[in-house]
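Undergrad: Sharing protein.pdb (PDB, C-alpha atoms and all ligand atoms) below.
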ATOM      1  CA  MET A   1      91.174 109.495  99.872
ATOM      2  CA  LYS A   2      91.557 112.305  97.377
ATOM      3  CA  GLN A   3      91.513 112.532  93.614
ATOM      4  CA  TYR A   4      95.170 112.061  92.665
ATOM      5  CA  THR A   5      95.752 109.398  95.309
ATOM      6  CA  HIS A   6      92.907 107.376  93.834
ATOM      7  CA  ALA A   7      94.228 107.716  90.283
ATOM      8  CA  TRP A   8      97.770 106.943  91.381
ATOM      9  CA  LEU A   9      96.668 103.800  93.273
ATOM     10  CA  ALA A  10      94.866 102.533  90.170
ATOM     11  CA  MET A  11      97.942 103.139  88.009
ATOM     12  CA  MET A  12     100.158 101.446  90.591
ATOM     13  CA  ALA A  13      97.819  98.429  90.579
ATOM     14  CA  MET A  14      98.509  98.129  86.842
ATOM     15  CA  LYS A  15     102.217  98.468  87.487
ATOM     16  CA  ARG A  16     102.021  95.881  90.259
ATOM     17  CA  LEU A  17     100.496  93.432  87.792
ATOM     18  CA  GLN A  18     103.173  94.189  85.239
ATOM     19  CA  LYS A  19     106.071  93.786  87.666
ATOM     20  CA  THR A  20     104.927  90.678  89.452
ATOM     21  CA  GLN A  21     106.523  87.250  89.060
ATOM     22  CA  THR A  22     103.760  84.720  88.749
ATOM     23  CA  SER A  23     102.770  81.511  86.952
ATOM     24  CA  LYS A  24     102.586  81.311  83.170
ATOM     25  CA  LYS A  25      98.817  80.929  83.372
ATOM     26  CA  ASN A  26      98.426  84.094  85.463
ATOM     27  CA  GLN A  27     100.864  85.894  83.213
ATOM     28  CA  LEU A  28      98.596  85.316  80.223
ATOM     29  CA  VAL A  29      95.669  86.926  82.054
ATOM     30  CA  ILE A  30      97.867  89.834  83.144
ATOM     31  CA  SER A  31      99.307  90.549  79.724
ATOM     32  CA  SER A  32      95.898  90.674  78.042
ATOM     33  CA  LEU A  33      94.506  92.879  80.832
ATOM     34  CA  LEU A  34      97.470  95.273  80.687
ATOM     35  CA  LYS A  35      97.353  95.514  76.920
ATOM     36  CA  TRP A  36      93.704  96.534  77.215
ATOM     37  CA  PHE A  37      94.373  98.975  80.069
ATOM     38  CA  MET A  38      97.199 100.709  78.273
ATOM     39  CA  ASN A  39      94.719 101.819  75.601
ATOM     40  CA  ASN A  40      92.230 103.033  78.187
ATOM     41  CA  ARG A  41      94.309 104.438  81.021
ATOM     42  CA  ASP A  42      93.794 108.140  80.184
ATOM     43  CA  SER A  43      90.431 108.247  81.927
ATOM     44  CA  VAL A  44      91.950 107.137  85.235
ATOM     45  CA  ILE A  45      91.981 110.533  86.958
ATOM     46  CA  LYS A  46      88.385 111.189  86.039
ATOM     47  CA  GLY A  47      87.136 107.626  86.475
ATOM     48  CA  ALA A  48      88.735 106.932  89.844
ATOM     49  CA  TRP A  49      87.195 110.186  91.114
ATOM     50  CA  TYR A  50      83.734 109.603  89.668
ATOM     51  CA  PRO A  51      82.321 108.189  92.936
ATOM     52  CA  ASP A  52      83.170 111.428  94.776
ATOM     53  CA  ALA A  53      82.556 113.889  91.947
ATOM     54  CA  VAL A  54      79.347 112.534  90.471
ATOM     55  CA  ILE A  55      77.889 109.563  92.352
ATOM     56  CA  LYS A  56      78.431 111.130  95.777
ATOM     57  CA  ASP A  57      77.587 108.054  97.841
ATOM     58  CA  MET A  58      80.316 108.839 100.364
ATOM     59  CA  ALA A  59      78.229 108.309 103.481
ATOM     60  CA  THR A  60      77.151 104.812 102.463
ATOM     61  CA  SER A  61      79.253 103.045  99.857
ATOM     62  CA  HIS A  62      82.717 104.445 100.655
ATOM     63  CA  VAL A  63      82.602 103.174 104.219
ATOM     64  CA  LEU A  64      81.835 100.258 106.495
ATOM     65  CA  LYS A  65      81.871 101.635 110.016
ATOM     66  CA  TYR A  66      82.803  99.304 112.863
ATOM     67  CA  LYS A  67      82.585  99.893 116.573
ATOM     68  CA  PRO A  68      83.889  97.665 119.400
ATOM     69  CA  SER A  69      80.871  96.440 121.336
ATOM     70  CA  GLY A  70      82.224  94.808 124.488
ATOM     71  CA  GLY A  71      80.722  91.562 125.777
ATOM     72  CA  ASN A  72      81.950  88.033 125.204
ATOM     73  CA  GLN A  73      79.993  86.794 122.209
ATOM     74  CA  GLN A  74      81.849  84.592 119.755
ATOM     75  CA  VAL A  75      82.880  86.544 116.702
ATOM     76  CA  THR A  76      84.710  85.535 113.594
ATOM     77  CA  PHE A  77      87.287  87.507 111.718
ATOM     78  CA  ARG A  78      87.968  86.616 108.114
ATOM     79  CA  LYS A  79      91.398  85.731 106.770
ATOM     80  CA  LEU A  80      93.670  87.516 104.318
ATOM     81  CA  SER A  81      96.872  86.310 102.725
ATOM     82  CA  GLY A  82      99.862  86.669 105.021
ATOM     83  CA  THR A  83     101.436  89.338 102.788
ATOM     84  CA  TYR A  84      98.885  91.912 104.004
ATOM     85  CA  HIS A  85     100.323  94.393 106.493
ATOM     86  CA  ILE A  86      96.884  95.258 107.834
ATOM     87  CA  PHE A  87      96.265  91.543 108.478
ATOM     88  CA  GLN A  88      99.490  91.307 110.501
ATOM     89  CA  ILE A  89      98.699  94.515 112.397
ATOM     90  CA  GLY A  90      95.084  93.495 113.016
ATOM     91  CA  LYS A  91      95.918  90.033 114.334
ATOM     92  CA  LYS A  92      98.064  91.592 117.061
ATOM     93  CA  SER A  93      95.422  94.134 117.989
ATOM     94  CA  SER A  94      93.691  93.887 121.378
ATOM     95  CA  LEU A  95      90.349  94.123 119.543
ATOM     96  CA  TYR A  96      91.077  91.084 117.355
ATOM     97  CA  MET A  97      88.421  88.400 117.875
ATOM     98  CA  LYS A  98      86.504  90.787 120.155
ATOM     99  CA  PRO A  99      82.856  91.634 119.415
ATOM    100  CA  TYR A 100      81.983  94.613 117.282
ATOM    101  CA  THR A 101      78.952  96.121 115.626
ATOM    102  CA  VAL A 102      78.671  97.539 112.132
ATOM    103  CA  GLU A 103      77.157 100.983 112.468
ATOM    104  CA  GLY A 104      76.710 101.816 108.797
ATOM    105  CA  GLY A 105      77.908 101.610 105.218
ATOM    106  CA  ASN A 106      77.774  99.046 102.427
ATOM    107  CA  LEU A 107      81.215  99.208 100.831
ATOM    108  CA  PRO A 108      81.615  95.447 100.186
ATOM    109  CA  ASP A 109      78.215  95.360  98.430
ATOM    110  CA  ARG A 110      79.273  98.224  96.171
ATOM    111  CA  CYS A 111      82.515  96.443  95.242
ATOM    112  CA  GLU A 112      80.700  93.195  94.536
ATOM    113  CA  SER A 113      78.171  94.889  92.280
ATOM    114  CA  LEU A 114      80.791  96.871  90.339
ATOM    115  CA  THR A 115      82.792  93.681  89.784
ATOM    116  CA  HIS A 116      79.677  92.103  88.276
ATOM    117  CA  SER A 117      79.055  95.195  86.226
ATOM    118  CA  ILE A 118      82.533  95.013  84.661
ATOM    119  CA  ILE A 119      82.113  91.390  83.677
ATOM    120  CA  ASP A 120      78.552  91.972  82.423
ATOM    121  CA  ASN A 121      79.665  94.905  80.267
ATOM    122  CA  LEU A 122      82.584  92.933  78.818
ATOM    123  CA  LYS A 123      80.190  90.108  77.946
ATOM    124  CA  MET A 124      77.738  92.528  76.342
ATOM    125  CA  GLN A 125      80.490  94.119  74.307
ATOM    126  CA  GLU A 126      81.606  90.711  73.120
ATOM    127  CA  SER A 127      78.083  89.538  72.297
ATOM    128  CA  GLU A 128      76.856  92.588  70.412
ATOM    129  CA  GLU A 129      77.465  93.246  66.730
ATOM    130  CA  LYS A 130      79.876  96.048  65.896
ATOM    131  CA  GLY A 131      78.004  99.358  65.985
ATOM    132  CA  SER A 132      75.186  98.029  68.174
ATOM    133  CA  PRO A 133      73.683 100.915  70.165
ATOM    134  CA  ILE A 134      73.735  98.924  73.388
ATOM    135  CA  SER A 135      77.358  97.831  73.129
ATOM    136  CA  PRO A 136      79.421  99.526  75.850
ATOM    137  CA  ASN A 137      82.766 100.913  74.651
ATOM    138  CA  ASP A 138      86.165 100.234  76.222
ATOM    139  CA  HIS A 139      86.433 103.654  77.843
ATOM    140  CA  HIS A 140      83.118 103.130  79.561
ATOM    141  CA  ILE A 141      84.232  99.759  80.913
ATOM    142  CA  ALA A 142      87.609 101.177  81.977
ATOM    143  CA  THR A 143      85.761 103.881  83.910
ATOM    144  CA  ILE A 144      83.930 101.180  85.871
ATOM    145  CA  PHE A 145      87.282  99.505  86.610
ATOM    146  CA  PHE A 146      88.545 102.833  87.977
ATOM    147  CA  MET A 147      85.373 103.441  89.978
ATOM    148  CA  LEU A 148      85.801  99.993  91.507
ATOM    149  CA  SER A 149      89.394 100.836  92.429
ATOM    150  CA  HIS A 150      88.082 103.893  94.285
ATOM    151  CA  TYR A 151      85.859 101.876  96.619
ATOM    152  CA  ILE A 152      88.532  99.222  97.143
ATOM    153  CA  ALA A 153      91.070 101.922  98.043
ATOM    154  CA  ASP A 154      88.662 103.619 100.450
ATOM    155  CA  ALA A 155      88.263 100.352 102.359
ATOM    156  CA  HIS A 156      91.985 100.507 103.165
ATOM    157  CA  MET A 157      91.781 103.968 104.706
ATOM    158  CA  PRO A 158      91.330 102.887 108.351
ATOM    159  CA  LEU A 159      89.086 105.822 109.238
ATOM    160  CA  HIS A 160      86.577 104.688 106.582
ATOM    161  CA  CYS A 161      86.052 101.598 108.734
ATOM    162  CA  ASP A 162      86.041 103.290 112.124
ATOM    163  CA  ASP A 163      82.859 104.711 113.601
ATOM    164  CA  ARG A 164      84.668 107.319 115.701
ATOM    165  CA  PRO A 165      84.084 110.750 114.126
ATOM    166  CA  PHE A 166      87.662 111.711 113.291
ATOM    167  CA  SER A 167      86.393 114.006 110.549
ATOM    168  CA  SER A 168      85.215 116.425 113.213
ATOM    169  CA  PHE A 169      87.268 118.898 115.308
ATOM    170  CA  ASP A 170      90.801 118.921 113.872
ATOM    171  CA  ASP A 171      89.710 116.533 111.081
ATOM    172  CA  ILE A 172      92.521 113.983 111.322
ATOM    173  CA  HIS A 173      90.833 112.088 108.475
ATOM    174  CA  ALA A 174      91.229 114.969 106.014
ATOM    175  CA  HIS A 175      94.769 115.723 107.228
ATOM    176  CA  ILE A 176      95.872 112.152 106.486
ATOM    177  CA  GLU A 177      94.332 112.146 103.017
ATOM    178  CA  LYS A 178      95.830 115.546 102.229
ATOM    179  CA  GLU A 179      99.312 114.302 103.160
ATOM    180  CA  TRP A 180      99.021 111.458 100.665
ATOM    181  CA  ASP A 181      97.516 113.528  97.884
ATOM    182  CA  ASP A 182     100.084 116.323  98.257
ATOM    183  CA  LYS A 183     102.830 113.731  97.942
ATOM    184  CA  VAL A 184     101.381 112.251  94.749
ATOM    185  CA  ARG A 185     100.981 115.723  93.208
ATOM    186  CA  ASP A 186     104.446 116.708  94.281
ATOM    187  CA  CYS A 187     106.260 113.633  92.958
ATOM    188  CA  TYR A 188     104.430 112.698  89.754
ATOM    189  CA  ALA A 189     103.962 114.728  86.560
ATOM    190  CA  ILE A 190     100.286 115.494  86.057
ATOM    191  CA  ASP A 191      98.757 117.211  83.036
ATOM    192  CA  LEU A 192      96.192 119.157  85.052
ATOM    193  CA  ASP A 193      94.512 120.763  82.020
ATOM    194  CA  ASN A 194      93.678 117.406  80.498
ATOM    195  CA  GLU A 195      93.270 115.522  83.775
ATOM    196  CA  ARG A 196      95.776 112.813  82.992
ATOM    197  CA  PHE A 197      99.223 111.672  84.071
ATOM    198  CA  PHE A 198     102.275 112.223  81.951
ATOM    199  CA  TYR A 199     103.723 108.786  81.372
ATOM    200  CA  ASP A 200     107.224 107.344  81.599
ATOM    201  CA  LYS A 201     108.591 105.124  78.839
ATOM    202  CA  GLU A 202     106.892 102.059  80.298
ATOM    203  CA  GLY A 203     103.544 103.840  80.237
ATOM    204  CA  PHE A 204     103.149 104.486  83.982
ATOM    205  CA  PRO A 205     102.927 107.843  85.812
ATOM    206  CA  LEU A 206     106.141 109.775  85.298
ATOM    207  CA  LYS A 207     107.980 110.261  88.586
ATOM    208  CA  MET A 208     109.635 113.666  88.844
ATOM    209  CA  LYS A 209     110.922 113.470  92.369
ATOM    210  CA  ASP A 210     112.078 110.696  94.659
ATOM    211  CA  ASP A 211     110.346 110.178  97.934
ATOM    212  CA  LEU A 212     110.993 107.524 100.584
ATOM    213  CA  LEU A 213     107.322 106.505 100.683
ATOM    214  CA  PHE A 214     107.071 105.861  96.949
ATOM    215  CA  THR A 215     110.487 104.221  96.695
ATOM    216  CA  TRP A 216     109.482 101.803  99.443
ATOM    217  CA  ILE A 217     106.106 101.082  97.836
ATOM    218  CA  GLU A 218     107.542 100.524  94.346
ATOM    219  CA  ASN A 219     110.141  98.213  95.780
ATOM    220  CA  GLU A 220     107.555  96.112  97.604
ATOM    221  CA  MET A 221     105.304  96.143  94.529
ATOM    222  CA  SER A 222     107.949  94.227  92.606
ATOM    223  CA  ASN A 223     109.022  91.909  95.419
ATOM    224  CA  ARG A 224     105.815  91.014  97.269
ATOM    225  CA  SER A 225     104.363  87.656  96.246
ATOM    226  CA  PHE A 226     101.238  87.952  94.136
ATOM    227  CA  TYR A 227      98.434  85.745  95.381
ATOM    228  CA  THR A 228      95.278  85.483  93.356
ATOM    229  CA  SER A 229      93.389  84.020  96.338
ATOM    230  CA  TYR A 230      91.086  86.257  98.372
ATOM    231  CA  GLY A 231      92.180  84.418 101.512
ATOM    232  CA  SER A 232      90.904  81.121 102.857
ATOM    233  CA  GLY A 233      87.094  81.156 103.164
ATOM    234  CA  ASN A 234      86.658  84.253 100.963
ATOM    235  CA  ASN A 235      85.079  83.377  97.637
ATOM    236  CA  ASN A 236      84.112  86.648  96.020
ATOM    237  CA  THR A 237      84.705  90.383  96.064
ATOM    238  CA  TRP A 238      82.143  90.846  98.847
ATOM    239  CA  ASP A 239      83.884  88.350 101.162
ATOM    240  CA  PHE A 240      87.278  89.823 100.360
ATOM    241  CA  MET A 241      86.230  93.418 100.957
ATOM    242  CA  SER A 242      84.524  92.382 104.197
ATOM    243  CA  ALA A 243      87.864  90.955 105.333
ATOM    244  CA  ILE A 244      89.709  94.103 104.281
ATOM    245  CA  THR A 245      87.311  96.343 106.202
ATOM    246  CA  GLN A 246      87.681  94.215 109.347
ATOM    247  CA  TYR A 247      91.459  94.614 109.369
ATOM    248  CA  SER A 248      91.181  98.239 108.370
ATOM    249  CA  TYR A 249      89.017  98.766 111.467
ATOM    250  CA  LEU A 250      91.590  97.012 113.667
ATOM    251  CA  THR A 251      94.353  99.100 112.071
ATOM    252  CA  ALA A 252      92.415 102.294 112.863
ATOM    253  CA  TYR A 253      92.488 101.409 116.559
ATOM    254  CA  GLU A 254      96.226 100.680 116.375
ATOM    255  CA  MET A 255      96.883 103.955 114.590
ATOM    256  CA  ILE A 256      94.660 105.874 117.030
ATOM    257  CA  PRO A 257      94.315 103.889 120.285
ATOM    258  CA  GLN A 258      91.106 103.964 122.273
ATOM    259  CA  GLN A 259      92.142 106.662 124.740
ATOM    260  CA  TYR A 260      92.070 109.301 122.001
ATOM    261  CA  THR A 261      88.887 111.035 120.948
ATOM    262  CA  PRO A 262      88.216 113.478 118.113
ATOM    263  CA  GLU A 263      87.803 116.233 120.699
ATOM    264  CA  ASN A 264      91.228 115.731 122.243
ATOM    265  CA  LEU A 265      93.390 114.768 119.271
ATOM    266  CA  GLU A 266      95.097 117.365 117.131
ATOM    267  CA  TRP A 267      97.119 116.667 114.018
ATOM    268  CA  ASP A 268     100.531 117.340 115.601
ATOM    269  CA  GLU A 269      99.739 114.982 118.420
ATOM    270  CA  PHE A 270      98.467 112.347 116.006
ATOM    271  CA  LEU A 271     101.853 112.427 114.244
ATOM    272  CA  ASN A 272     103.529 111.693 117.568
ATOM    273  CA  ILE A 273     101.366 108.773 118.684
ATOM    274  CA  ASN A 274     103.817 106.174 117.350
ATOM    275  CA  ASN A 275     102.041 103.140 118.774
ATOM    276  CA  LYS A 276     104.405 100.444 117.384
ATOM    277  CA  TYR A 277     104.461 102.210 114.025
ATOM    278  CA  SER A 278     104.817 105.799 112.885
ATOM    279  CA  PHE A 279     102.371 107.542 110.565
ATOM    280  CA  ASP A 280     104.913 107.054 107.728
ATOM    281  CA  ASP A 281     104.872 103.295 108.370
ATOM    282  CA  TYR A 282     101.070 103.188 108.359
ATOM    283  CA  SER A 283     101.029 105.165 105.112
ATOM    284  CA  ARG A 284     103.282 102.597 103.432
ATOM    285  CA  PHE A 285     101.302  99.637 104.705
ATOM    286  CA  ILE A 286      97.888 101.063 103.837
ATOM    287  CA  LEU A 287      98.827 102.215 100.334
ATOM    288  CA  ILE A 288     100.699  99.056  99.301
ATOM    289  CA  ASP A 289      97.884  96.855 100.613
ATOM    290  CA  ALA A 290      95.379  98.949  98.636
ATOM    291  CA  ILE A 291      97.442  98.552  95.456
ATOM    292  CA  ASP A 292      97.619  94.802  95.994
ATOM    293  CA  SER A 293      93.856  94.536  96.534
ATOM    294  CA  ILE A 294      92.953  96.565  93.445
ATOM    295  CA  ALA A 295      95.330  94.447  91.343
ATOM    296  CA  ARG A 296      93.811  91.246  92.726
ATOM    297  CA  VAL A 297      90.148  92.179  92.201
ATOM    298  CA  TRP A 298      90.842  93.446  88.671
ATOM    299  CA  PHE A 299      92.838  90.328  87.854
ATOM    300  CA  ARG A 300      90.041  88.044  89.003
ATOM    301  CA  ALA A 301      87.352  89.982  87.122
ATOM    302  CA  TRP A 302      89.375  89.850  83.920
ATOM    303  CA  ARG A 303      90.124  86.146  84.419
ATOM    304  CA  ARG A 304      86.416  85.422  84.766
ATOM    305  CA  TYR A 305      85.746  87.254  81.530
ATOM    306  CA  LEU A 306      88.499  85.299  79.734
ATOM    307  CA  GLU A 307      87.103  82.034  81.106
ATOM    308  CA  TRP A 308      83.657  82.960  79.824
ATOM    309  CA  MET A 309      85.176  83.715  76.402
ATOM    310  CA  LYS A 310      86.681  80.243  76.300
ATOM    311  CA  GLY A 311      83.163  78.939  76.880
TER     312      GLY A 311
HETATM  313 ZN    ZN A 401      85.708 107.798  98.456
END
Output the file's structure in the form of structure tokens.

TA:
Amino acid sequence: MKQYTHAWLAMMAMKRLQKTQTSKKNQLVISSLLKWFMNNRDSVIKGAWYPDAVIKDMATSHVLKYKPSGGNQQVTFRKLSGTYHIFQIGKKSSLYMKPYTVEGGNLPDRCESLTHSIIDNLKMQESEEKGSPISPNDHHIATIFFMLSHYIADAHMPLHCDDRPFSSFDDIHAHIEKEWDDKVRDCYAIDLDNERFFYDKEGFPLKMKDDLLFTWIENEMSNRSFYTSYGSGNNNTWDFMSAITQYSYLTAYEMIPQQYTPENLEWDEFLNINNKYSFDDYSRFILIDAIDSIARVWFRAWRRYLEWMKG
């Protein structure tokens, strides 16, 4: 995914948390997290792009590449909450519960370690005296939150979890990401000189233009149930991101069925595949699921920090 898509997804994860109806206990976590974020949101465009601009670990940490392997071995697929579109799509896929191999990448490891890093830094900040040279500041910690959102978002881009080289020939991968980024840039007000969003009166990216995709996503953001669980059997960020990448892989093969290859698929034809869903449908499902996942991982990291504070 590209720079403004990443920043927008992170901002929408904040908005998702703000709009959601949830228990009083969860609400307390959310309001303290949002209060903190609102003072540190300006670094979102830079921070959510840091992995691509500076770290440059695209070939390893932004992906987990799956490949169907044939054979009849028993395999397990993890679970996600039923609200996930990619979970619903994946469960109906002909590759569901069929063997696969992982050909490369370590995205879930990266997400797990960044989650730890956030909590560690918050604990250090809390433990150090004011003015201590080793105390991390809020902007630094917010940047790690935004970096984490980058890797989580990438896991939802099906082609990041698919070993087929759809970045070659007509580069369907880049075409898809350009579509999304162009839409964000077209519909939201961005202060390009200062690399930040202009905000609306609630403090979220200011929407200048209506678009069916964003209207649909914002509507679901407010109405979709917010589950704090990572799905039955998933206990940490690593488990959760492993589940996400599995369903992202299955979604890739629904979006581009097995008969297509990078050599024989051009962008115009891709747009006409329409295997159960159109590209517009997939865009909605992928982006809203990514927003939900970012919100959930952030929520749980912040909750762990608050629990530690309580002692
Ligand atoms: Zn990336």

Undergrad: As a VMD selection string, please: every protein or nucleic acid residue near ligand ZN 401 (chain A) (cut-off 7 Å, counting all atoms listed in the file).

TA: chain A and resid 1 51 to 52 58 62 150 to 151 154

Undergrad: Report, in Å with one decimal, the straight-line distance from atom CA of Leu9 of chain A to atom CA of Asp191 of chain A.

TA: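 Atom CA of Leu9 of chain A sits 17.0 Å away from atom CA of Asp191 of chain A.
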
Undergrad: Which residues fall under the PyMOL selection byres (((chain A and resi 91-101) around 12) and not hetatm) in this file, as number ranges by chain?

TA: A: 64-80, 82, 84-90, 102-105, 161-163, 246-258, 275-276

Undergrad: Quick one: distance from atom CA of Phe240 of chain A to atom CA of Pro108 of chain A in Å, one decimal?

TA: 8.0 Å

Undergrad: Let me know the residues the PyMOL selection byres (((chain A and resi 29) around 8) and not hetatm) catches in the file above, as a PDB file with C-alpha atoms, in the coordinates of the input.

TA:
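What follows is the written file expr_31.pdb:
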ATOM      1  CA  LYS A  25      98.817  80.929  83.372  1.00  0.00           C
ATOM      2  CA  ASN A  26      98.426  84.094  85.463  1.00  0.00           C
ATOM      3  CA  GLN A  27     100.864  85.894  83.213  1.00  0.00           C
ATOM      4  CA  LEU A  28      98.596  85.316  80.223  1.00  0.00           C
ATOM      5  CA  ILE A  30      97.867  89.834  83.144  1.00  0.00           C
ATOM      6  CA  SER A  31      99.307  90.549  79.724  1.00  0.00           C
ATOM      7  CA  SER A  32      95.898  90.674  78.042  1.00  0.00           C
ATOM      8  CA  LEU A  33      94.506  92.879  80.832  1.00  0.00           C
ATOM      9  CA  PHE A 299      92.838  90.328  87.854  1.00  0.00           C
ATOM     10  CA  TRP A 302      89.375  89.850  83.920  1.00  0.00           C
ATOM     11  CA  ARG A 303      90.124  86.146  84.419  1.00  0.00           C
ATOM     12  CA  LEU A 306      88.499  85.299  79.734  1.00  0.00           C
TER      13      LEU A 306
END

Undergrad: Applied to this file, what does the PyMOL selection byres (((chain A and resi 20) around 9) and not hetatm) return in terms of residues, put as a PyMOL selection string?

TA: chain A and resi 15-19+21-22+27+221-226

Undergrad: Find the distance between atom CA of Ala301 of chain A and atom CA of Trp36 of chain A and write it in Å to one decimal.

TA: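 Atom CA of Trp36 of chain A lies 13.5 Å from atom CA of Ala301 of chain A.
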
Undergrad: Could you check which of A:Thr261, A:Thr237, A:Ser135, A:Asn272 is closest to Ile294 of chain A, using only C-alpha atoms?

TA: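 Looking at the shortest contact to Ile294 of chain A, the residue is A:Thr237.
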
Undergrad: What are the centre and the three edge lengths of an axis-aligned box that wraps all atoms of segment 260-275 of chain A in the file, given that 3 Å is added to every side, written as lines of an AutoDock Vina configuration file and rounded to one decimal in Å?

TA:
center_x = 95.8
center_y = 110.3
center_z = 118.1
size_x = 22.0
size_y = 20.2
size_z = 14.2

Undergrad: Taking all atoms listed in the file into account, name the residue in A:Ser127, A:Ser149, A:Ser242, A:Cys187 that is nearest to Thr115 of chain A.

TA: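 With all atoms listed in the file as the atom set, the closest residue is A:Ser149.
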
Undergrad: Near Val184 of chain A, counting all atoms listed in the file, which residues have an atom at most 12 Å away, once you skip same-chain residues fewer than 4 positions from it, shown as a list in words?

TA: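 Counting only the stated atoms, we get Met1, Lys2, Gln3, Tyr4, Thr5, His6, Ala7, Trp8, Leu9, Met11, Met12, Glu177, Lys178, Glu179, Trp180, Tyr188, Ala189, Ile190, Phe197, Pro205, Leu206, Lys207, Met208, Lys209, Asp210, Asp211, Leu213, Phe214 and Leu287 of chain A.
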
Undergrad: Given the choices A:Arg41, A:Lys35, A:Arg284, A:His140, which gets closest to Arg196 of chain A if the distance is worked out from only C-alpha atoms?

TA: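 With only C-alpha atoms as the atom set, the closest residue is A:Arg41.
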
Undergrad: Using all atoms listed in the file for the distances, tell me which of A:Glu263, A:Asp289, A:Asp171, A:Glu128 is nearest to Ile244 of chain A.

TA: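 Among the listed residues, A:Asp289 lies closest to Ile244 of chain A.
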
Undergrad: Counting all atoms listed in the file, find the residues whose atoms lie at most 12 Å from (85.1, 84.7, 76.0) (file coordinates) and write them out as number ranges by chain.

TA: A: 119-120, 122-127, 302-311
